[in-house]
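For reference, the structure is listed below as structure tokens.
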Amino acid sequence: MTTPTAPEIRQQFLDFFATRAGHEVVPSSPAVPHEDPTLLFTNAGMNQFKDVFLGQGARPYIRAVDTQKCIRAGGKHNDLEDVGHDTYHHTFFEMLGNWSFGDYFKSEAIDWAWTLLTEVFEIDPTRLYATWFEGDQAQGLEPDHEARDLWLKYLPADHVIPGNAKDNFWEMGETGPCGPCSEIHVDRIGGRNAAARVNQDDPDVLEVWNLVFIQFNRESETVLNPLPARHVDTGMGFERLVSVLQNRRSNYDTDLFAGIFDRITDVSGARPYRGHLEDPIDIAYRIIADHARCLVAAISDGATPGADGRGYVLRRILRRAVRHGRQTLGMERPFLAAIVPAVVEILGDSFPEMREKMPRVQEIIGQEEEMFRRTLDRGLQLFAEAAERSSDGQISSIDAFKLHDTYGFPIDLTQVMAEERDMSVDAEGYEILMDEARSRSRGGGDVHDPVLTIPPDVLGKLDFLKVKPTDDHAKDLGTPTTGLIKAIWDGRHLCDRSQHGQRVAVILDRTCFYAEQGGQVGDVGEIHVARGSSAGHDHVGILEIEDTRRVGDYVLHIGHVSHGAVATGDECEVAIDAHRRAAIRAHHTTTHLLNLALRAVAGPESDQRGSSVDADRLRFDYAASGPLDPFALEEIESRVNAAIAEGLDVHVAEAPLDLAQKVNTVRAVFGERYPDPVRMVAVGPTVLNLLEGPDDPRWLERSVEFCGGTHLKNTAEAEDFVVLSEQGLAAGIRRVTALAGAPARAARLETAELEKRLAAMESGSSTEPIDAMIRDFEAATISVVDRHTLGARIETLRATAKTARKAAAAENRGAVVDAAREIADSTEGDAIVARIDGADKDALLSAMDTIRAARPDAAVLLLSADAQEGKVVIVAKVPKSLIAEGLKAGDWVKAAAQACGGGGGGRPDSAQAGGKDPARVEDAAEAARAHATASRVS
RNA sequence: GGGGCGUUAGCUCAGUUGGGAGAGCGGCUGCUUUGCAAGCAGCAGGUCACCGGUUCGAGACCGGUACGCUCCA
């Protein structure tokens, strides 16, 4: 028998379920889940079907088979530190899976798994073991005898093993769908009974496949409810399967990794990979190969290394790979980008996006590696300082921790470097500090608002109660409508009624509210119950709606009862805040125009990466390698305004997805899944025009997007468009913030106001201080284009004002120094007290220098009254000889300052003070003279 | 999401208990020279990120904002 290759094995799996059992072959969802912010990375095959299990979504098929890109490197499943040290941990792996959505269950799933493993893959049946759930009394869970009995059809009793809740009861999270599971394990050795080694982390007896039977929803730690529909979710680790079928003892000894190892050998010049577990060089090989696969998968799906969230996880992975490459394989220069093609060579056929995005992936990895090099350089310097400080040959725990926590210098590197200097590191103290930091940063876990969503079993109940999906066709018009209250959800229960002050989510039979979706915020507004309920009660209630969300096909109106009470069955009048909606519509339509303008100005690579459409502004995030210059921003602003001036009609219609995607100008959002039929929003041409001639080059100048949002009827209604700012969000992602409609008009007014003031200053007809102008200018909400032009003019003014100020100060200082000379010449005694009005602190100190140059042995106290500013400045210096006689500068100025409503202090030889009452400056001078005399008498 | 650190001249960074904003490199000028980062002297260059507070007085202390780095989840 010839050894099958990895691609062959993958294909056999997909074919088996597709041809024998009618499964739909579904592509992997992205390894970076754009739609689910609660999840750092796709970490299991079920992620892309989560909405189905939650009862919030459906698919056109009830059986599916796929291979899913998975990353486990952050959050709950974190295998990062294990990778490299054993034969089977990965940060990136493929999960093969077959799925039943309310269709087949345990018996079919187990039969097919057995057939595939023993007949198609020809695994020796005596090497297979199966586990089943033994039940858990504490949680009130029954044993899964059904699964046990199904396995006993194929396996002898000593190969069918019971397992506890930890191993054999699968849960999606603390709450949510769950159920018993059954694992299949393979003994690589054979010819023995390995039952005792199952689930013992024995590298030769490993779990290959987990069959999960989802039949409950967990509401809380103690409450489990049966699900309306039961599902099957299976997951088989592809790399493990390949190692078994290729008869290798390590996942890393398969053709999934060989090509990557060869490439690392070429790039590093190190000796080839030998596959030893303890060998540092082989460990480095495994780490680099695994991490390279992970980085390629994540970055080609749109993630970028960064400072938080998934970006931070990627940064750590990259740094770990780079460190092992440098420390162990001796690669001084950036190398990781050069490994990428080897990864793409192996995985690119299964995941075409890797091939497509390869140049960009290499660019991002190259930049990040360069950045890490700078961090290391800085760390080296700080390490040297820390080593210098150490007196006992040990780097202190505080230094080690600070190097790590504040400067990102990894602890193991600190240890290596310490050893090179025959020093050690206080690792225990470091761990204590690290634990403290960890518990500090835990703390505030976000409290999610239970009213905002509805768990699957309650959704099932709604279905049972025949609450139909909300008809929200009226949302596009947004005009007031009437409806019936079908359900009230208080975050825990469905209620019949809700009273004044309560916060609830209300489901109506129909609504004109728009639920948050596609970046557009949900509507706010009011729901009035004006008449009695069907039961004839005579009551009135008002709901203030603060937010609108969608759960499955229901629209949730979230708010509190501000007056009276409301009950299910009530008829109500439904009205959104129409002014707010108008601003939102203007922002949404101009967001589309902005997207188009960006493509024209910044190039076709500037894909949308996020969007927020609110009443007071819009934000648009896009992929970009660098910032937009002022001319590009001006071009974008004027392109959008040109489309507004044209008065183009906005057409909205649904179209079959396959036809819609053929339209040449459509720009789909990366990683987004679109429904079929899809809703098209076209600015200019009608949807019919587009579908009839999808290749018409004229469309390329028009905006056409797949979008569920609410839009203007005609671009002219937007009136104006203003780009507020353009800034970097993360490496490779930039954000444009902009305004349209009324907020844009306000911005233009503000610009006009500033321009008027500026012009007055330029012509000399205004004496307004430039500093006030600059403050207002910086705080202003105005177009970035206007900011640029006004900014240049302000800069000119500022430079002029600065020169003038300096000249005035120099002149003043000249006059002050002249006065000082006179004082030096005309004053008797060795304690000089004199006034030089109109001098600021610096000028007064210059005067001081002048006098002391002429009279080195004299103590000098100078006062300056500034009637305009309303204050008095006092400085004093006393030579050593007079300090000895009891005259201290600090006391001296204090005595003077107190006489004119102030205070002050300083050293005995030099002090400064201030007073608040210029009218009493002569009193202050008198007090100073008195103090000088009195202090020296005593 | 929660911490830590940073932001001072064109660049790299000092700045002690709050009391006159500094160094090195770079720039300009002059001199001396002209073999490897030349030497000497002089000069210019700063809303100490921004806003508010405490104070007679803030680069420094307190609060907030922005940006950057970094750690943890």
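Ordered as shown in the structure tokens, chains take letters A, B, and onward, while each chain numbers its residues from 1 and ligands are numbered from 1 in the order shown.
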
Proximity of chain A to chain B: per-residue shortest pair, 6 Å limit, only C-alpha atoms (C1' of nucleotides), as a Markdown table:
| residue | atom | partner | partner_atom | distance |
| --- | --- | --- | --- | --- |
| A:Asp405 | CA | B:C71 | C1' | 4.4 |
| A:Thr406 | CA | B:U70 | C1' | 4.7 |
| A:Tyr407 | CA | B:U70 | C1' | 5.2 |
| A:Gly408 | CA | B:U70 | C1' | 5.4 |
| A:Arg438 | CA | B:C72 | C1' | 5.5 |
| A:Ser441 | CA | B:G2 | C1' | 4.5 |
| A:Gly902 | CA | B:C56 | C1' | 5.0 |
| A:Gly903 | CA | B:C56 | C1' | 4.4 |
| A:Gly904 | CA | B:C56 | C1' | 4.9 |
| A:Gly906 | CA | B:G19 | C1' | 5.6 |
| A:Ala913 | CA | B:C56 | C1' | 5.0 |
| A:Gly914 | CA | B:C56 | C1' | 3.9 |
| A:Gly915 | CA | B:C56 | C1' | 5.8 |

Mind listing the alpha helix (DSSP H) residues of segment 268-507 of chain A, per DSSP on the backbone, as JSON, numbers by chain? {"A": [268, 280, 281, 282, 283, 284, 285, 286, 287, 288, 289, 290, 291, 292, 293, 294, 295, 296, 297, 298, 299, 300, 309, 310, 311, 312, 313, 314, 315, 316, 317, 318, 319, 320, 321, 322, 323, 324, 325, 326, 327, 336, 337, 338, 339, 340, 341, 342, 343, 344, 345, 346, 347, 352, 353, 354, 355, 356, 358, 359, 360, 361, 362, 363, 364, 365, 366, 367, 368, 369, 370, 371, 372, 373, 374, 375, 376, 377, 378, 379, 380, 381, 382, 383, 384, 385, 386, 387, 388, 389, 397, 398, 399, 400, 401, 402, 403, 404, 405, 411, 412, 413, 414, 415, 416, 417, 418, 419, 420, 427, 428, 429, 430, 431, 432, 433, 434, 435, 436, 437, 438, 439, 440, 441, 442, 456, 457, 458, 459, 460, 461, 462, 463, 464]}

Selection near Val504 of chain A, 9 Å with only C-alpha atoms (C1' of nucleotides), sequence-local residues under 6 positions removed, as a PyMOL selection string: chain A and resi 451-452+488-491+498+557-561

What is the distance, in Å and to one decimal place, between atom CA of Lys468 of chain A and atom CA of Asp553 of chain A? 8.5 Å

How far is it from atom CA of Ala747 of chain A to atom CA of Ser783 of chain A, in Å with one decimal?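 Between atom CA of Ala747 of chain A and atom CA of Ser783 of chain A the gap is 7.0 Å.
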
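Minimum distance to Ile288 of chain A across A:Leu413, A:Ile542, A:Ala303, A:Ile260 (counting only C-alpha atoms) occurs at A:Ile260.
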
In terms of only C-alpha atoms, the residue from A:Met680, A:Val343, A:Ala896, A:Ile287 at minimal distance from Thr710 of chain A is A:Met680

Extract, using only C-alpha atoms (C1' of nucleotides), all DNA, RNA and protein residues at most 12 Å from Asn225 of chain A, discarding same-chain residues fewer than 6 positions from it, and format them as a compact mmCIF listing (two decimals) with N, CA and C atoms, in the first residue's frame.
# COMPACT_ATOMS: atom_id res chain seq x y z
N GLY A 140 -26.91 16.48 37.13
CA GLY A 140 -28.15 15.84 36.70
C GLY A 140 -28.11 15.35 35.27
N LEU A 141 -26.90 14.92 34.82
CA LEU A 141 -26.78 14.46 33.43
C LEU A 141 -26.78 12.93 33.38
N THR A 175 -22.35 29.43 28.95
CA THR A 175 -23.74 29.15 28.64
C THR A 175 -23.82 28.81 27.16
N GLY A 176 -24.95 28.30 26.72
CA GLY A 176 -25.12 28.01 25.30
C GLY A 176 -25.27 26.53 25.02
N PRO A 177 -25.31 26.18 23.74
CA PRO A 177 -25.54 24.79 23.35
C PRO A 177 -24.46 23.85 23.88
N CYS A 178 -24.85 22.61 24.22
CA CYS A 178 -23.90 21.65 24.73
C CYS A 178 -24.49 20.25 24.60
N GLY A 179 -23.67 19.25 24.92
CA GLY A 179 -24.17 17.89 24.85
C GLY A 179 -23.04 16.90 25.04
N ILE A 214 -25.10 17.62 20.09
CA ILE A 214 -25.64 18.81 20.75
C ILE A 214 -27.13 18.64 20.98
N GLN A 215 -27.54 18.58 22.25
CA GLN A 215 -28.95 18.40 22.51
C GLN A 215 -29.49 19.26 23.64
N PHE A 216 -28.58 20.04 24.32
CA PHE A 216 -29.04 20.91 25.40
C PHE A 216 -28.61 22.34 25.16
N ASN A 217 -29.28 23.26 25.88
CA ASN A 217 -28.75 24.61 26.01
C ASN A 217 -28.53 24.88 27.48
N ARG A 218 -27.31 25.31 27.82
CA ARG A 218 -27.02 25.62 29.21
C ARG A 218 -27.39 27.07 29.50
N GLU A 219 -28.31 27.22 30.46
CA GLU A 219 -28.75 28.58 30.79
C GLU A 219 -27.91 29.14 31.92
N PRO A 455 -31.28 33.86 24.49
CA PRO A 455 -30.63 32.55 24.34
C PRO A 455 -31.49 31.59 23.50
N PRO A 456 -30.87 30.54 22.98
CA PRO A 456 -31.54 29.68 22.00
C PRO A 456 -32.79 28.99 22.53
N ASP A 457 -32.79 28.59 23.81
CA ASP A 457 -33.98 27.88 24.27
C ASP A 457 -35.17 28.82 24.36
N VAL A 458 -34.90 30.11 24.67
CA VAL A 458 -35.99 31.09 24.70
C VAL A 458 -36.46 31.37 23.28
N GLY A 460 -36.44 29.18 21.01
CA GLY A 460 -37.28 28.01 20.73
C GLY A 460 -38.68 28.19 21.29
N LYS A 461 -38.72 28.79 22.50
CA LYS A 461 -40.02 29.03 23.14
C LYS A 461 -40.84 30.04 22.33

Extract, using only C-alpha atoms (C1' of nucleotides), all DNA, RNA and protein residues at most 12 Å from G63 of chain B, discarding same-chain residues fewer than 6 positions from it, and format them as a list in words.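 Residues near the query, excluding close chain neighbours: C51, G52, G53 and U54 of chain B.
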
List the neighbours of Leu758 of chain A out to 8 Å using only C-alpha atoms (C1' of nucleotides); skip same-chain residues closer than 4 positions along the sequence, and give me the result as a short mmCIF file (atom, residue, chain, number, x, y, z; two decimals) with N, CA, C and O atoms, in the first residue's frame.
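Just written: result.cif:
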data_model
loop_
_atom_site.label_atom_id
_atom_site.label_comp_id
_atom_site.auth_asym_id
_atom_site.auth_seq_id
_atom_site.Cartn_x
_atom_site.Cartn_y
_atom_site.Cartn_z
N LEU A 754 -13.75 80.72 11.54
CA LEU A 754 -12.31 80.77 11.77
C LEU A 754 -11.62 81.59 10.69
O LEU A 754 -10.71 82.37 10.97
N GLU A 762 -4.79 88.81 9.80
CA GLU A 762 -3.80 89.00 8.75
C GLU A 762 -3.77 90.45 8.27
O GLU A 762 -2.72 90.99 7.95
N MET A 773 -6.37 81.86 18.97
CA MET A 773 -6.75 81.40 17.64
C MET A 773 -6.33 79.93 17.44
O MET A 773 -7.09 79.11 16.97
N ILE A 794 -2.12 80.07 9.56
CA ILE A 794 -1.90 80.30 10.98
C ILE A 794 -0.42 80.19 11.32
O ILE A 794 0.13 80.97 12.09
#
